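Everything below concerns the one structure shown next.
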Amino acid sequence: MSTGLFAGRASEASGQPLPPTIGWSDEVKASFHLAWPLVVAQVAQMALFTTDVIMMGWLGPKFLAAGTLATSLMSPFLLFGIGLITAVAPMMAQAIGARDFKSVRRTTRQGFWVSIIVAAVLIALIWNAEVFFLLLGQTEENAALAQGYIRFAVWNFFPSFLFLVLRCLLSAHGKTTVVLNITIIGIILNAICNYALMFGNWGFPRLELAGAGISTTLVNLVMFLLILGYIMTHKRYKRYAILVRLWKSDWARFKEIFRIGLPIGCTLTAETGLFAAATILMGWLGTNELAAHAIALQCASVAFMVPLGISQAATIRVGLALGKNDPEGIKKAGWVSIVMGTGFMITTCLAFWLIPKFFIGFYLDLDVPENQVSLGLAVSYLAVAALFQLVDGCQVVAAGALRGLSDTKVPMILAIMGYWVFGLPISYYGGFILGGGGTGIWLGLAAGLAFVAVVFVIRFAWRERLGLMNYKSMERG
């Protein structure tokens with residue numbers, strides 16, 4: 001292994017900030033080059049779930065209901081784990097920016113440790129999901145079918161989290177097209193496995209929802225093995241020897257992942273919980289309101305994939321600049337990403353305002369008389385979702401920039417305040433006390449996200465006076 005690979009941090013020798021390495025236009029190009037494959041990969045990840053939902057529907061309504069029930073329980077746990085493990089991204093980016101390459105390997109190793117431990121704990125928590133479903137008043141048949149899916153699908157937590165660690169490694173090097181290509185392979189393989197195992201085609205047994213669960217785990221395992229094989233054989237990455245001394249502990253780094261990652265996981269869970277609570281409020285209003293809400297939320301979720309990918313790129317770009325001790329680079333990386341994410345959402349905002357029926361038509365037959373009430377509600381919800389888009393895109397990219405500085409604890413507290421102390425009460429007050437119905441509920445969601453967006457942007461703007469730019473190198477050993 002070359003000695004250059006383990007060179008010390010570039011800024012340690014002088015203790016002075018490095019001069020800015022690129023200008024504003026170059027930062028735009030670098031951020032876009034890093035972000036677009038992550039954006040498409042996020043959309044592709046949604047396609048994995050969409051494929052499962054479509055094929056569950058082919059089995060019949062009861063299987064679709066049970067499968068949706070199962071995934072609704074698994075999703076918050078999965079998102080919590082993803083948020084926690086995402087902590088390795090800024091740690092790797094900062095180390096690469098500082099040319100402390102040995103630290104990258106050690107962070108990868110401890111990321112594997114955390115992935116395995118967190119996956120095991122989460123699996124144990126939801127293993128007996130049937131009991132939970134029955135306590136919530138679900139039918140015995142739905143509860144049993146949902147547990148049958150979970151008992152196989154939940155094992156995907158192990159390869160999914162391990163895949164995420166290696167995805168962060170490649171993203172920190174700006175190599176995101178590989179992640180996209182592997183995700184596309186996963187979509188194709190998922191459809192093939194579902195067709196074989198769910199329906200008993202090509203000589204395989206008909207396993208229905210259990211087959212879908214097996215397929216989910218198998219596909220994520222293959223995706224992990226593909227990205228691992230790429231890293232182990234590519235000349236740029238195999239020098240890291242990420243599997244060497246895999247058993248060796250590094251407790252300082254292990255604790256650092258939890259210190260940075262736990263707030264991220266809690267933030268994602270809090271945001272997911274906000275939308276779940278809003279869905280419950282919509283259910284109190286009626287079936288048409290709930291259907292319209294689901295359509296508007298799905299439209300917003302698809303558009304959200306773009307700023308989410310930009311947010312991931314922002315974490316890497318800001319982390320790289322921090323590792324180089326380049327305050328000017330941090331400023332450019334953060335603001336370019338925030339403008340890119342918000343700028344895209346201006347486009348979707350206008351689209352939701354001007355041509356709402358175009359988007360609703362993907363989910364609802366516009367010519368069926370029975371759908372007209374839901375159609376009218378969905379149009380009104382999309383009008384609010386247009387405003388919602390702007391603040392949602394801004395807050396997620398600003399959060400990504402702050403994560404690049406390893407700033408996660410205070411943003412978590414601010415996010416929970418915005419979602420649950422500010423947003424949800426306004427949703428309830430506007431929807432029920434003021435009689436605004438679903439529109440009032442959506443305005444509350446927009447208000448909560450606007451609060452978070454404003455405080456996150458201010459926090460990034462005040463990063464120097466708040467002391468957020470101090471790089472703390474990990475203990476070596």
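Letters A, B, ... mark the chains of the structure tokens in the order given; residue numbers begin at 1 per chain; ligand numbers begin at 1, in order shown.
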With 12 Å as the cut-off and only C-alpha atoms counted, what is the closest atom pair between each nearby residue of region 238-286 of chain A and region 377-393 of chain A? Distances in Å to one decimal, ordered by chain and number, as a tab-separated table.
```
residue	atom	partner	partner_atom	distance
A:Glu271	CA	A:Asp392	CA	10.9
A:Met282	CA	A:Leu377	CA	11.6
A:Leu285	CA	A:Leu377	CA	11.8
A:Gly286	CA	A:Leu377	CA	11.5
```
Quiz prompt | d(CA of Gln94 (chain A), CA of Gly265 (chain A)) in Å | solution =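 So the answer is 20.3 Å.
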Hey, what's within 6 Å of region 84-89 of chain A if we count only C-alpha atoms and toss same-chain stuff fewer than 4 positions away? As a PDB file with N, CA and C atoms, in the first residue's frame, please?
```
ATOM      1  N   CYS A 168     -21.930   5.368   0.806  1.00  0.00           N
ATOM      2  CA  CYS A 168     -21.341   6.603   1.335  1.00  0.00           C
ATOM      3  C   CYS A 168     -19.870   6.709   0.953  1.00  0.00           C
ATOM      4  N   ILE A 257     -19.935   7.633  15.313  1.00  0.00           N
ATOM      5  CA  ILE A 257     -21.020   7.321  14.386  1.00  0.00           C
ATOM      6  C   ILE A 257     -22.367   7.458  15.093  1.00  0.00           C
ATOM      7  N   ILE A 260     -23.154  11.266  15.881  1.00  0.00           N
ATOM      8  CA  ILE A 260     -23.637  12.010  14.722  1.00  0.00           C
ATOM      9  C   ILE A 260     -24.930  11.413  14.181  1.00  0.00           C
ATOM     10  N   GLY A 261     -25.000  10.066  14.171  1.00  0.00           N
ATOM     11  CA  GLY A 261     -26.084   9.386  13.474  1.00  0.00           C
ATOM     12  C   GLY A 261     -27.399   9.286  14.223  1.00  0.00           C
ATOM     13  N   LEU A 262     -27.347   9.130  15.534  1.00  0.00           N
ATOM     14  CA  LEU A 262     -28.607   9.001  16.283  1.00  0.00           C
ATOM     15  C   LEU A 262     -29.540  10.200  16.068  1.00  0.00           C
ATOM     16  N   ILE A 264     -29.710  12.072  13.441  1.00  0.00           N
ATOM     17  CA  ILE A 264     -30.225  11.993  12.069  1.00  0.00           C
ATOM     18  C   ILE A 264     -31.359  10.977  12.007  1.00  0.00           C
ATOM     19  N   GLY A 265     -31.141   9.798  12.633  1.00  0.00           N
ATOM     20  CA  GLY A 265     -32.176   8.777  12.650  1.00  0.00           C
ATOM     21  C   GLY A 265     -33.441   9.253  13.335  1.00  0.00           C
TER      22      GLY A 265
END
```
Quiz item: CA of Lys332 (chain A) to CA of Val28 (chain A): how many Å, to one decimal?
Solution: 8.6 Å
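All residues of protein, DNA or RNA that reach within 8 Å of region 334-350 of chain A, judged by only C-alpha atoms and not counting those fewer than 3 positions away in the chain, are Trp24, Glu27, Val28, Ser31, Ala303, Val306, Pro307, Ile310, Ser311, Ala313, Ala314, Arg317, Val318, Ile330, Lys331, Trp353, Leu354, Ala385, Ala386, Leu387, Gln389, Leu390, Val391, Gly393, Cys394, Val397, Ala398, Ala401 and Phe460 of chain A.
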Residue contacts of region 191-197 of chain A (9 Å, only C-alpha atoms) excluding same-chain residues fewer than 2 positions away, as an mmCIF file with all heavy atoms, in the first residue's frame:
```
data_model
loop_
_atom_site.group_PDB
_atom_site.id
_atom_site.type_symbol
_atom_site.label_atom_id
_atom_site.label_comp_id
_atom_site.auth_asym_id
_atom_site.auth_seq_id
_atom_site.Cartn_x
_atom_site.Cartn_y
_atom_site.Cartn_z
ATOM 1 N N LEU A 48 -38.318 0.417 -6.639
ATOM 2 C CA LEU A 48 -38.250 -0.898 -5.992
ATOM 3 C C LEU A 48 -39.513 -1.145 -5.166
ATOM 4 O O LEU A 48 -40.144 -2.202 -5.256
ATOM 5 C CB LEU A 48 -37.013 -0.986 -5.092
ATOM 6 C CG LEU A 48 -35.686 -1.397 -5.726
ATOM 7 C CD1 LEU A 48 -34.549 -1.179 -4.732
ATOM 8 C CD2 LEU A 48 -35.721 -2.845 -6.171
ATOM 9 N N THR A 51 -42.679 -1.458 -7.387
ATOM 10 C CA THR A 51 -42.791 -2.785 -7.999
ATOM 11 C C THR A 51 -43.431 -3.769 -7.031
ATOM 12 O O THR A 51 -44.305 -4.564 -7.415
ATOM 13 C CB THR A 51 -41.404 -3.300 -8.421
ATOM 14 O OG1 THR A 51 -40.806 -2.368 -9.321
ATOM 15 C CG2 THR A 51 -41.509 -4.655 -9.108
ATOM 16 N N ASP A 52 -43.007 -3.727 -5.780
ATOM 17 C CA ASP A 52 -43.592 -4.619 -4.768
ATOM 18 C C ASP A 52 -45.086 -4.357 -4.602
ATOM 19 O O ASP A 52 -45.896 -5.287 -4.551
ATOM 20 C CB ASP A 52 -42.889 -4.424 -3.419
ATOM 21 C CG ASP A 52 -41.520 -5.089 -3.378
ATOM 22 O OD1 ASP A 52 -41.242 -5.922 -4.254
ATOM 23 O OD2 ASP A 52 -40.740 -4.770 -2.469
ATOM 24 N N MET A 55 -47.167 -5.631 -7.619
ATOM 25 C CA MET A 55 -47.285 -7.087 -7.678
ATOM 26 C C MET A 55 -48.091 -7.639 -6.514
ATOM 27 O O MET A 55 -48.758 -8.671 -6.645
ATOM 28 C CB MET A 55 -45.899 -7.723 -7.744
ATOM 29 C CG MET A 55 -45.191 -7.472 -9.063
ATOM 30 S SD MET A 55 -43.680 -8.426 -9.252
ATOM 31 C CE MET A 55 -43.402 -8.277 -11.025
ATOM 32 N N GLY A 186 -30.989 -3.768 -9.335
ATOM 33 C CA GLY A 186 -31.844 -4.233 -8.247
ATOM 34 C C GLY A 186 -33.319 -4.192 -8.625
ATOM 35 O O GLY A 186 -34.084 -5.108 -8.282
ATOM 36 N N ILE A 187 -33.739 -3.140 -9.327
ATOM 37 C CA ILE A 187 -35.143 -3.032 -9.748
ATOM 38 C C ILE A 187 -35.516 -4.197 -10.667
ATOM 39 O O ILE A 187 -36.550 -4.851 -10.486
ATOM 40 C CB ILE A 187 -35.385 -1.698 -10.481
ATOM 41 C CG1 ILE A 187 -35.203 -0.524 -9.518
ATOM 42 C CG2 ILE A 187 -36.788 -1.658 -11.084
ATOM 43 C CD1 ILE A 187 -35.222 0.822 -10.208
ATOM 44 N N ILE A 188 -34.658 -4.475 -11.653
ATOM 45 C CA ILE A 188 -34.930 -5.560 -12.607
ATOM 46 C C ILE A 188 -34.961 -6.904 -11.892
ATOM 47 O O ILE A 188 -35.875 -7.720 -12.090
ATOM 48 C CB ILE A 188 -33.871 -5.554 -13.728
ATOM 49 C CG1 ILE A 188 -33.942 -4.232 -14.510
ATOM 50 C CG2 ILE A 188 -34.071 -6.751 -14.663
ATOM 51 C CD1 ILE A 188 -32.800 -4.031 -15.481
ATOM 52 N N LEU A 189 -33.965 -7.135 -11.034
ATOM 53 C CA LEU A 189 -33.890 -8.401 -10.311
ATOM 54 C C LEU A 189 -35.083 -8.561 -9.367
ATOM 55 O O LEU A 189 -35.624 -9.673 -9.215
ATOM 56 C CB LEU A 189 -32.579 -8.467 -9.518
ATOM 57 C CG LEU A 189 -32.332 -9.754 -8.724
ATOM 58 C CD1 LEU A 189 -32.289 -10.959 -9.661
ATOM 59 C CD2 LEU A 189 -31.035 -9.653 -7.925
ATOM 60 N N PHE A 199 -45.661 -15.756 -7.364
ATOM 61 C CA PHE A 199 -46.704 -16.384 -8.172
ATOM 62 C C PHE A 199 -46.403 -17.827 -8.565
ATOM 63 O O PHE A 199 -47.208 -18.472 -9.238
ATOM 64 C CB PHE A 199 -46.956 -15.545 -9.431
ATOM 65 C CG PHE A 199 -47.307 -14.121 -9.136
ATOM 66 C CD1 PHE A 199 -46.337 -13.123 -9.187
ATOM 67 C CD2 PHE A 199 -48.593 -13.761 -8.769
ATOM 68 C CE1 PHE A 199 -46.652 -11.808 -8.899
ATOM 69 C CE2 PHE A 199 -48.916 -12.448 -8.484
ATOM 70 C CZ PHE A 199 -47.943 -11.462 -8.544
ATOM 71 N N GLY A 200 -45.224 -18.340 -8.166
ATOM 72 C CA GLY A 200 -44.901 -19.727 -8.467
ATOM 73 C C GLY A 200 -44.573 -19.981 -9.924
ATOM 74 O O GLY A 200 -44.856 -21.073 -10.451
ATOM 75 N N ASN A 201 -43.974 -19.018 -10.595
ATOM 76 C CA ASN A 201 -43.603 -19.194 -11.999
ATOM 77 C C ASN A 201 -42.235 -19.845 -12.143
ATOM 78 O O ASN A 201 -41.429 -19.851 -11.209
ATOM 79 C CB ASN A 201 -43.613 -17.836 -12.712
ATOM 80 C CG ASN A 201 -45.010 -17.259 -12.829
ATOM 81 O OD1 ASN A 201 -45.932 -17.916 -13.330
ATOM 82 N ND2 ASN A 201 -45.198 -16.024 -12.361
ATOM 83 N N TRP A 202 -41.985 -20.407 -13.349
ATOM 84 C CA TRP A 202 -40.699 -21.013 -13.699
ATOM 85 C C TRP A 202 -40.309 -22.150 -12.757
ATOM 86 O O TRP A 202 -39.122 -22.361 -12.458
ATOM 87 C CB TRP A 202 -39.591 -19.954 -13.721
ATOM 88 C CG TRP A 202 -39.881 -18.828 -14.661
ATOM 89 C CD1 TRP A 202 -40.461 -18.890 -15.889
ATOM 90 C CD2 TRP A 202 -39.608 -17.439 -14.432
ATOM 91 N NE1 TRP A 202 -40.574 -17.651 -16.451
ATOM 92 C CE2 TRP A 202 -40.053 -16.718 -15.578
ATOM 93 C CE3 TRP A 202 -39.033 -16.723 -13.388
ATOM 94 C CZ2 TRP A 202 -39.943 -15.344 -15.692
ATOM 95 C CZ3 TRP A 202 -38.915 -15.358 -13.501
ATOM 96 C CH2 TRP A 202 -39.363 -14.675 -14.641
ATOM 97 N N GLY A 203 -41.291 -22.851 -12.232
ATOM 98 C CA GLY A 203 -41.018 -24.001 -11.388
ATOM 99 C C GLY A 203 -40.789 -23.696 -9.920
ATOM 100 O O GLY A 203 -40.567 -24.609 -9.117
ATOM 101 N N PHE A 204 -40.872 -22.428 -9.545
ATOM 102 C CA PHE A 204 -40.697 -22.059 -8.142
ATOM 103 C C PHE A 204 -42.028 -22.230 -7.402
ATOM 104 O O PHE A 204 -43.097 -22.150 -8.002
ATOM 105 C CB PHE A 204 -40.224 -20.607 -8.019
ATOM 106 C CG PHE A 204 -38.798 -20.394 -8.412
ATOM 107 C CD1 PHE A 204 -38.457 -20.095 -9.735
ATOM 108 C CD2 PHE A 204 -37.785 -20.510 -7.473
ATOM 109 C CE1 PHE A 204 -37.135 -19.890 -10.100
ATOM 110 C CE2 PHE A 204 -36.458 -20.313 -7.827
ATOM 111 C CZ PHE A 204 -36.127 -20.015 -9.145
ATOM 112 N N PRO A 205 -41.969 -22.442 -6.088
ATOM 113 C CA PRO A 205 -43.221 -22.558 -5.320
ATOM 114 C C PRO A 205 -43.927 -21.210 -5.219
ATOM 115 O O PRO A 205 -43.272 -20.158 -5.204
ATOM 116 C CB PRO A 205 -42.742 -23.026 -3.934
ATOM 117 C CG PRO A 205 -41.334 -22.547 -3.847
ATOM 118 C CD PRO A 205 -40.778 -22.637 -5.239
ATOM 119 N N ARG A 206 -45.261 -21.220 -5.142
ATOM 120 C CA ARG A 206 -46.042 -19.990 -4.981
ATOM 121 C C ARG A 206 -46.033 -19.608 -3.501
ATOM 122 O O ARG A 206 -46.690 -20.233 -2.669
ATOM 123 C CB ARG A 206 -47.472 -20.199 -5.467
ATOM 124 C CG ARG A 206 -48.359 -18.954 -5.362
ATOM 125 C CD ARG A 206 -49.790 -19.275 -5.782
ATOM 126 N NE ARG A 206 -50.685 -18.152 -5.538
ATOM 127 C CZ ARG A 206 -50.976 -17.197 -6.421
ATOM 128 N NH1 ARG A 206 -50.431 -17.250 -7.629
ATOM 129 N NH2 ARG A 206 -51.805 -16.223 -6.115
ATOM 130 N N LEU A 207 -45.279 -18.550 -3.157
ATOM 131 C CA LEU A 207 -45.093 -18.158 -1.761
ATOM 132 C C LEU A 207 -45.830 -16.869 -1.403
ATOM 133 O O LEU A 207 -45.792 -16.447 -0.249
ATOM 134 C CB LEU A 207 -43.594 -18.000 -1.466
ATOM 135 C CG LEU A 207 -42.737 -19.259 -1.691
ATOM 136 C CD1 LEU A 207 -41.263 -18.938 -1.472
ATOM 137 C CD2 LEU A 207 -43.186 -20.371 -0.774
ATOM 138 N N GLU A 208 -46.427 -16.225 -2.392
ATOM 139 C CA GLU A 208 -47.237 -15.011 -2.190
ATOM 140 C C GLU A 208 -46.438 -13.938 -1.430
ATOM 141 O O GLU A 208 -45.338 -13.600 -1.828
ATOM 142 C CB GLU A 208 -48.553 -15.394 -1.515
ATOM 143 C CG GLU A 208 -49.370 -16.331 -2.411
ATOM 144 C CD GLU A 208 -50.639 -16.856 -1.793
ATOM 145 O OE1 GLU A 208 -50.763 -16.849 -0.553
ATOM 146 O OE2 GLU A 208 -51.526 -17.280 -2.555
ATOM 147 N N LEU A 209 -46.948 -13.412 -0.308
ATOM 148 C CA LEU A 209 -46.242 -12.324 0.382
ATOM 149 C C LEU A 209 -44.901 -12.774 0.948
ATOM 150 O O LEU A 209 -43.946 -11.988 0.994
ATOM 151 C CB LEU A 209 -47.115 -11.750 1.507
ATOM 152 C CG LEU A 209 -48.306 -10.890 1.087
ATOM 153 C CD1 LEU A 209 -48.988 -10.303 2.304
ATOM 154 C CD2 LEU A 209 -47.892 -9.789 0.119
ATOM 155 N N ALA A 210 -44.817 -14.009 1.372
ATOM 156 C CA ALA A 210 -43.526 -14.522 1.846
ATOM 157 C C ALA A 210 -42.501 -14.471 0.714
ATOM 158 O O ALA A 210 -41.324 -14.157 0.935
ATOM 159 C CB ALA A 210 -43.689 -15.953 2.360
ATOM 160 N N GLY A 211 -42.943 -14.754 -0.510
ATOM 161 C CA GLY A 211 -42.054 -14.663 -1.662
ATOM 162 C C GLY A 211 -41.561 -13.252 -1.891
ATOM 163 O O GLY A 211 -40.400 -13.032 -2.241
ATOM 164 N N ALA A 212 -42.455 -12.282 -1.692
ATOM 165 C CA ALA A 212 -42.046 -10.880 -1.822
ATOM 166 C C ALA A 212 -41.006 -10.520 -0.768
ATOM 167 O O ALA A 212 -40.051 -9.774 -1.037
ATOM 168 C CB ALA A 212 -43.262 -9.968 -1.692
ATOM 169 N N GLY A 213 -41.191 -11.039 0.451
ATOM 170 C CA GLY A 213 -40.213 -10.779 1.513
ATOM 171 C C GLY A 213 -38.861 -11.386 1.205
ATOM 172 O O GLY A 213 -37.814 -10.751 1.409
ATOM 173 N N ILE A 214 -38.861 -12.621 0.697
ATOM 174 C CA ILE A 214 -37.610 -13.275 0.313
ATOM 175 C C ILE A 214 -36.929 -12.490 -0.797
ATOM 176 O O ILE A 214 -35.709 -12.271 -0.781
ATOM 177 C CB ILE A 214 -37.872 -14.732 -0.131
ATOM 178 C CG1 ILE A 214 -38.367 -15.563 1.051
ATOM 179 C CG2 ILE A 214 -36.617 -15.353 -0.732
ATOM 180 C CD1 ILE A 214 -38.867 -16.939 0.661
ATOM 181 N N SER A 215 -37.717 -12.047 -1.778
ATOM 182 C CA SER A 215 -37.177 -11.276 -2.890
ATOM 183 C C SER A 215 -36.527 -9.989 -2.407
ATOM 184 O O SER A 215 -35.436 -9.620 -2.853
ATOM 185 C CB SER A 215 -38.302 -10.959 -3.884
ATOM 186 O OG SER A 215 -37.834 -10.145 -4.929
ATOM 187 N N THR A 216 -37.181 -9.301 -1.482
ATOM 188 C CA THR A 216 -36.643 -8.048 -0.949
ATOM 189 C C THR A 216 -35.273 -8.259 -0.317
ATOM 190 O O THR A 216 -34.317 -7.503 -0.572
ATOM 191 C CB THR A 216 -37.607 -7.466 0.103
ATOM 192 O OG1 THR A 216 -38.833 -7.117 -0.541
ATOM 193 C CG2 THR A 216 -37.022 -6.237 0.770
ATOM 194 N N LEU A 218 -33.214 -10.891 -0.776
ATOM 195 C CA LEU A 218 -32.271 -11.403 -1.770
ATOM 196 C C LEU A 218 -31.723 -10.286 -2.645
ATOM 197 O O LEU A 218 -30.514 -10.213 -2.904
ATOM 198 C CB LEU A 218 -32.961 -12.464 -2.632
ATOM 199 C CG LEU A 218 -32.116 -13.101 -3.741
ATOM 200 C CD1 LEU A 218 -30.942 -13.848 -3.133
ATOM 201 C CD2 LEU A 218 -32.963 -14.046 -4.593
ATOM 202 N N VAL A 219 -32.602 -9.402 -3.101
ATOM 203 C CA VAL A 219 -32.176 -8.307 -3.977
ATOM 204 C C VAL A 219 -31.210 -7.375 -3.253
ATOM 205 O O VAL A 219 -30.188 -6.957 -3.810
ATOM 206 C CB VAL A 219 -33.409 -7.528 -4.492
ATOM 207 C CG1 VAL A 219 -32.993 -6.210 -5.133
ATOM 208 C CG2 VAL A 219 -34.183 -8.378 -5.486
#
```
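Nearest residue to Thr279 (chain A) among A:Ala333, A:Ile441, A:Ile126, A:Ala70 is A:Ile441, counting only C-alpha atoms.
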Hey, what's within 6 Å of Thr315 (chain A) if we count only C-alpha atoms and toss same-chain stuff fewer than 3 positions away? As a compact mmCIF listing (two decimals) with C-alpha atoms, in the first residue's frame, please?
```txt
# COMPACT_ATOMS: atom_id res chain seq x y z
CA GLN A 312 -26.83 13.89 0.08
CA VAL A 318 -19.44 20.41 2.66
CA GLY A 319 -17.63 17.55 4.42
CA GLY A 400 -27.61 17.97 4.42
CA ALA A 401 -25.22 20.92 4.52
CA ARG A 403 -24.61 17.18 8.39
CA GLY A 404 -21.50 17.84 6.32
```
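Of the residues under consideration (A:Arg106, A:Gln45, A:Val118, A:Met92), A:Arg106 shows the shortest atom-to-atom contact distance to Ala252 (chain A) when counting only C-alpha atoms.
Shortest separation to Tyr240 (chain A) among A:Arg109, A:Gly418, A:Thr50, A:Met74 occurs at residue A:Arg109, atoms counted being only C-alpha atoms.
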